[in-house]
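Input: a single structure, listed below in structure tokens.
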Amino acid sequence: MDDFLICPKCDKETFHTESVCAFCGVSLEGVRTQYVKDQKAASEAKVNEAKRTGDYSKLSVTEIESLSDKIIVTTEAVMQGYSVTRRFDVISSECVFGMNLFRDFFSGMRDLFGGRSAASQKVLRDARRICLMELRREALMLGANAVIGVDLDYSEISGGGKSMLFLVATGTAVNVDPVA
């Protein structure tokens with residue numbers, strides 16, 4: 001869809017974020033409202049087509065993130081109040097982060113004196129967040145609405161003076177329905 005609105009008075013194109021026509025000064029509020037409705041309808045049509053065909057390649061990153069945010073992710077094998085109606089597959093997500101030499105040094109100092117390393121905790125938190133987000137996307141691509149039995153496995157890979165954090169998240173992509 002175009003990023004321009006057509007002025008109802010002078011019939012000229014004005015960028016869709018403008019509230020008045022740049023040429024004649026007439027209010028574009030009604031036209032903008034319709035533009036937003038049309039954009040939303042077009043997006044919903046694309047999403048429905050993607051769900052129907054399983055082809056998510058035409059969706060924007062924002063649309064995919066919005067859809068995948070609705071997918072339930074849990075470590076439980078059985079969700080109370082829900083029944084599994086379909087099992088798709090075991091899915092996984094991997095994430096590798098390099099650990100900074102200075103951050104590692106100061107983490108080592110904290111190990112000697114006690115305390116917590118905020119920098120290392122942030123790397124761990126970011127890795128978990130990214131892996132769970134990727135699990136949701138993977139489930140979405142399969143047509144699932146939940147991932148159950150999620151397991152997070154952390155490992156450190158080091159050698160040659162370099163250190164990396166490796167996280168693997170696995171789970172089972174399923175469809176669940178609330179129990180009536």
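Going by the structure tokens order, chains are called A, B, ..., each with residues numbered from 1, while ligands are numbered from 1 in the order shown.
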Selection: 9 Å around Val168 (chain A), only C-alpha atoms, excl. self and same-chain fewer than 5 positions, as a PyMOL selection string: chain A and resi 92-96+128+131+151-155
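Look at Leu5 (chain A): the protein and nucleic acid residues within 9 Å of it, using only C-alpha atoms and passing over chain neighbours fewer than 3 places away, are Asp2, Lys12, Glu13, Thr14, Phe15, His16, Thr17, Glu18, Cys21, Leu28, Val31, Arg32 and Tyr35 of chain A.
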Residues near Thr75 (chain A), cut-off 7 Å, only C-alpha atoms, skip fewer than 3 positions along chain, as a PyMOL selection string: chain A and resi 148-151
What does the distance between CA of Met79 (chain A) and CA of Val179 (chain A) come to in Å, to one decimal place? 10.2 Å
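We find CA of Phe88 (chain A) and CA of Asp126 (chain A) to be spaced 27.2 Å apart.
The shortest atom-to-atom distance to Ile72 (chain A), with only C-alpha atoms taken into account, belongs to A:Val147 out of A:Val176, A:Val147, A:Leu132, A:Met164.
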Run DSSP on the backbone and grab whatever in chain A lands in strand (DSSP E or B); send it over as a ChimeraX atom specification. /A:4-6,13-15,20,27,72-73,82-99,146-159,162-178
Run DSSP on the backbone of this structure and report the residues of chain A it assigns to alpha helix (DSSP H), as a PyMOL selection string. chain A and resi 29-53+61-68+101-113+118-142
With C-alpha atoms retained, write the just-selected residues as a CSV table (one decimal), in the first residue's frame.
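As a result, out-v2.csv now contains:
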chain,number,residue,atom,x,y,z
A,29,GLU,CA,-8.1,13.2,9.5
A,30,GLY,CA,-10.9,11.1,7.9
A,31,VAL,CA,-8.5,10.0,5.1
A,32,ARG,CA,-5.8,9.1,7.6
A,33,THR,CA,-8.3,7.1,9.7
A,34,GLN,CA,-9.3,5.1,6.6
A,35,TYR,CA,-5.6,4.6,5.7
A,36,VAL,CA,-4.9,3.1,9.1
A,37,LYS,CA,-7.9,0.8,8.8
A,38,ASP,CA,-6.8,-0.3,5.3
A,39,GLN,CA,-3.2,-0.9,6.5
A,40,LYS,CA,-4.5,-3.0,9.4
A,41,ALA,CA,-6.8,-5.0,7.1
A,42,ALA,CA,-4.0,-5.6,4.7
A,43,SER,CA,-1.7,-6.8,7.5
A,44,GLU,CA,-4.4,-9.1,8.8
A,45,ALA,CA,-5.0,-10.5,5.4
A,46,LYS,CA,-1.2,-11.2,5.0
A,47,VAL,CA,-1.1,-12.9,8.4
A,48,ASN,CA,-4.1,-15.1,7.7
A,49,GLU,CA,-2.6,-16.1,4.3
A,50,ALA,CA,0.7,-16.9,6.1
A,51,LYS,CA,-1.2,-19.0,8.7
A,52,ARG,CA,-3.1,-20.8,5.9
A,53,THR,CA,-0.1,-21.6,3.7
A,61,VAL,CA,9.7,-8.8,11.2
A,62,THR,CA,7.3,-6.8,13.4
A,63,GLU,CA,4.3,-8.9,12.2
A,64,ILE,CA,6.2,-12.1,12.9
A,65,GLU,CA,7.3,-10.9,16.4
A,66,SER,CA,3.7,-9.9,17.2
A,67,LEU,CA,2.4,-13.3,16.3
A,68,SER,CA,5.2,-15.2,18.0
A,101,LEU,CA,38.3,-10.4,28.2
A,102,PHE,CA,37.9,-7.5,30.6
A,103,ARG,CA,34.4,-8.6,31.7
A,104,ASP,CA,35.8,-12.1,32.3
A,105,PHE,CA,38.7,-10.6,34.3
A,106,PHE,CA,36.4,-8.6,36.5
A,107,SER,CA,34.1,-11.6,36.9
A,108,GLY,CA,37.1,-13.5,38.2
A,109,MET,CA,37.8,-10.7,40.7
A,110,ARG,CA,34.2,-10.9,41.9
A,111,ASP,CA,34.7,-14.7,42.3
A,112,LEU,CA,37.6,-14.0,44.6
A,113,PHE,CA,35.9,-11.3,46.7
A,118,ALA,CA,26.2,-7.6,36.2
A,119,ALA,CA,27.9,-7.9,32.8
A,120,SER,CA,27.9,-11.7,32.9
A,121,GLN,CA,24.3,-11.8,34.1
A,122,LYS,CA,23.3,-9.6,31.3
A,123,VAL,CA,24.9,-11.9,28.7
A,124,LEU,CA,23.1,-14.9,30.3
A,125,ARG,CA,19.7,-13.0,30.3
A,126,ASP,CA,20.1,-11.9,26.7
A,127,ALA,CA,21.0,-15.4,25.6
A,128,ARG,CA,17.9,-16.8,27.3
A,129,ARG,CA,15.6,-14.1,25.9
A,130,ILE,CA,16.9,-14.6,22.3
A,131,CYS,CA,16.7,-18.4,22.5
A,132,LEU,CA,13.1,-18.3,23.8
A,133,MET,CA,12.1,-15.8,21.1
A,134,GLU,CA,13.6,-18.1,18.4
A,135,LEU,CA,11.7,-21.1,19.9
A,136,ARG,CA,8.5,-19.1,19.6
A,137,ARG,CA,9.3,-18.2,16.0
A,138,GLU,CA,10.1,-21.9,15.2
A,139,ALA,CA,6.8,-23.0,16.7
A,140,LEU,CA,4.9,-20.3,14.7
A,141,MET,CA,6.4,-21.6,11.5
A,142,LEU,CA,5.1,-25.0,12.3
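Of the listed residues (A:Pro8, A:Gly98, A:Val78, A:Asp177), A:Gly98 comes nearest to Gly161 (chain A); the distances count only C-alpha atoms.
CA of Ala169 (chain A) to CA of Ile71 (chain A) spans 15.3 Å [interatomic distance, one decimal].
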Closest of A:Asn145, A:Thr74, A:Ser60, A:Ser27 to Arg87 (chain A) - atom-to-atom distances counting only C-alpha atoms: A:Asn145
